[in-house]
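**Q** Quick one: the structure is below, questions incoming.
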Amino acid sequence: MLSDSDQSVDFSVVSVPNQQTHGDSVFPYAIVCNDENIELSSYTNWIEENSEELQEFANKHGAVLFRGFPLKSAEDFDAFVTPFGLPNFSYSN
């Protein structure tokens with residue numbers, strides 16, 4: 001179960017339109033942030049704390065959809081994905 005040991009992230013696992021069910025799996029697995037005023041450091045710490053489990057959800061469900069996290073710039077998005085520890089890649093040819 002996803003943890004929130006410091007209670008800094010208020011989130012819900014939700015159903016989304018056109019979500020598919022296959023056995024005990026849904027696609028995509030959707031997580032919604034319920035706090036539009038959350039600080040960047042709070043949700044990046046939460047992702048770091050839960051990155052292994054979030055990656056397991058992606059493997060099981062095929063994708064994890066994050067909604068409602070206040071990403072306002074490319075830098076915010078980079079800060080959001082960095083805690084997963086995945087290799088970075090560029091879009092250049």
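Each chain in the structure tokens gets a letter, A, B and so on, in the order shown; residues start at 1 in every chain, and ligands are counted from 1 in the order they appear.
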From region 1-32 of chain A, collect each residue whose DSSP state is strand (DSSP E or B) and return the set as a list in words.

**A** Phe11, Ser12, Val13, Val14, Gln20, Thr21, His22, Ser25, Val26, Phe27, Tyr29, Ala30, Ile31 and Val32 of chain A

**Q** List the spatial neighbours of Phe57 (chain A) as a VMD selection string - criterion: any atom at most 12 Å away, only C-alpha atoms, same-chain residues fewer than 3 positions off excluded.

**A** chain A and resid 1 to 2 13 24 to 31 50 to 54 60 to 65

**Q** Calculate how many Å separate CA of Lys72 (chain A) from CA of Phe11 (chain A), rounding to one decimal.

**A**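 About the pair CA of Lys72 (chain A) and CA of Phe11 (chain A): they are 18.5 Å apart.
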
**Q** Write out as a CSV table (one decimal) with N, CA and C atoms, in the first residue's frame the residues lying within 10 Å of Phe69 (chain A), counting only C-alpha atoms and excluding same-chain residues fewer than 4 positions away.

**A**
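Output file part10.csv follows:
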chain,number,residue,atom,x,y,z
A,9,VAL,N,1.1,14.3,1.6
A,9,VAL,CA,0.4,14.2,0.3
A,9,VAL,C,-1.0,13.6,0.5
A,11,PHE,N,-3.8,11.9,-1.4
A,11,PHE,CA,-4.0,11.4,-2.7
A,11,PHE,C,-5.1,10.3,-2.6
A,31,ILE,N,-3.8,7.8,-10.0
A,31,ILE,CA,-3.6,8.4,-8.7
A,31,ILE,C,-3.9,9.9,-8.8
A,32,VAL,N,-4.7,10.4,-8.0
A,32,VAL,CA,-5.1,11.9,-8.0
A,32,VAL,C,-4.6,12.5,-6.7
A,33,CYS,N,-3.9,13.6,-6.9
A,33,CYS,CA,-3.5,14.5,-5.8
A,33,CYS,C,-4.7,15.3,-5.4
A,34,ASN,N,-5.1,15.3,-4.1
A,34,ASN,CA,-6.3,16.0,-3.7
A,34,ASN,C,-6.0,17.4,-3.1
A,35,ASP,N,-4.7,17.9,-3.2
A,35,ASP,CA,-4.3,19.1,-2.7
A,35,ASP,C,-3.6,20.0,-3.7
A,36,GLU,N,-4.3,20.9,-4.3
A,36,GLU,CA,-3.7,21.7,-5.4
A,36,GLU,C,-2.7,22.7,-4.9
A,37,ASN,N,-2.5,22.9,-3.6
A,37,ASN,CA,-1.5,23.8,-3.0
A,37,ASN,C,-0.3,23.1,-2.5
A,38,ILE,N,-0.2,21.8,-2.8
A,38,ILE,CA,1.0,21.0,-2.3
A,38,ILE,C,2.3,21.6,-2.8
A,39,GLU,N,3.3,21.5,-1.9
A,39,GLU,CA,4.6,22.0,-2.3
A,39,GLU,C,5.3,20.9,-3.1
A,40,LEU,N,6.2,21.4,-4.0
A,40,LEU,CA,7.0,20.5,-4.9
A,40,LEU,C,7.7,19.5,-4.1
A,43,TYR,N,5.6,16.4,-2.7
A,43,TYR,CA,5.2,15.3,-3.6
A,43,TYR,C,6.4,14.6,-4.2
A,76,ASP,N,9.3,21.5,-13.0
A,76,ASP,CA,8.5,20.8,-12.1
A,76,ASP,C,8.3,19.3,-12.5
A,77,PHE,N,8.1,19.1,-13.8
A,77,PHE,CA,7.9,17.7,-14.3
A,77,PHE,C,9.2,17.0,-14.1
A,80,PHE,N,9.4,15.9,-10.7
A,80,PHE,CA,8.4,14.9,-10.4
A,80,PHE,C,8.9,13.5,-10.8

**Q** Can you list every residue in chain A that DSSP puts in helix (DSSP H, G or I), as a ChimeraX atom specification?

**A** /A:40-61,74-84

**Q** Only C-alpha atoms, please: the residues just picked out, written as a PDB file, in the first residue's frame.

**A**
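As a result, selection_14.pdb now contains:
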ATOM      1  CA  LEU A  40       6.961  20.499  -4.887  1.00  0.00           C
ATOM      2  CA  SER A  41       9.196  19.020  -2.201  1.00  0.00           C
ATOM      3  CA  SER A  42       6.254  17.253  -0.539  1.00  0.00           C
ATOM      4  CA  TYR A  43       5.217  15.270  -3.586  1.00  0.00           C
ATOM      5  CA  THR A  44       8.760  14.577  -4.781  1.00  0.00           C
ATOM      6  CA  ASN A  45       9.576  13.195  -1.317  1.00  0.00           C
ATOM      7  CA  TRP A  46       6.388  11.107  -1.481  1.00  0.00           C
ATOM      8  CA  ILE A  47       7.367   9.720  -4.892  1.00  0.00           C
ATOM      9  CA  GLU A  48      10.861   8.898  -3.656  1.00  0.00           C
ATOM     10  CA  GLU A  49       9.386   7.152  -0.606  1.00  0.00           C
ATOM     11  CA  ASN A  50       7.005   5.127  -2.818  1.00  0.00           C
ATOM     12  CA  SER A  51       8.943   4.829  -6.096  1.00  0.00           C
ATOM     13  CA  GLU A  52       9.429   1.061  -5.866  1.00  0.00           C
ATOM     14  CA  GLU A  53       5.731   0.423  -5.307  1.00  0.00           C
ATOM     15  CA  LEU A  54       4.718   2.937  -7.993  1.00  0.00           C
ATOM     16  CA  GLN A  55       6.984   1.158 -10.477  1.00  0.00           C
ATOM     17  CA  GLU A  56       5.432  -2.176  -9.450  1.00  0.00           C
ATOM     18  CA  PHE A  57       1.986  -0.666 -10.198  1.00  0.00           C
ATOM     19  CA  ALA A  58       3.254   0.422 -13.630  1.00  0.00           C
ATOM     20  CA  ASN A  59       4.521  -3.095 -14.312  1.00  0.00           C
ATOM     21  CA  LYS A  60       1.287  -4.736 -13.148  1.00  0.00           C
ATOM     22  CA  HIS A  61      -1.167  -2.290 -14.709  1.00  0.00           C
ATOM     23  CA  ALA A  74       9.168  21.531 -17.399  1.00  0.00           C
ATOM     24  CA  GLU A  75      11.366  21.882 -14.316  1.00  0.00           C
ATOM     25  CA  ASP A  76       8.483  20.779 -12.084  1.00  0.00           C
ATOM     26  CA  PHE A  77       7.911  17.750 -14.324  1.00  0.00           C
ATOM     27  CA  ASP A  78      11.615  16.894 -14.184  1.00  0.00           C
ATOM     28  CA  ALA A  79      11.527  17.153 -10.379  1.00  0.00           C
ATOM     29  CA  PHE A  80       8.424  14.899 -10.413  1.00  0.00           C
ATOM     30  CA  VAL A  81      10.031  12.078 -12.431  1.00  0.00           C
ATOM     31  CA  THR A  82      13.586  12.252 -11.018  1.00  0.00           C
ATOM     32  CA  PRO A  83      12.748  10.376  -7.764  1.00  0.00           C
ATOM     33  CA  PHE A  84      11.847   7.297  -9.816  1.00  0.00           C
TER      34      PHE A  84
END

**Q** For a test of reading the model, state the distance in Å between CA of Phe89 (chain A) and CA of Gln20 (chain A), rounded to one decimal.

**A**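 It comes out at 29.3 Å.
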
**Q** Could you work out how far CA of Phe66 (chain A) lies from CA of Val14 (chain A), giving the answer in Å with one decimal?

**A**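 About the pair CA of Val14 (chain A) and CA of Phe66 (chain A): they are 10.2 Å apart.
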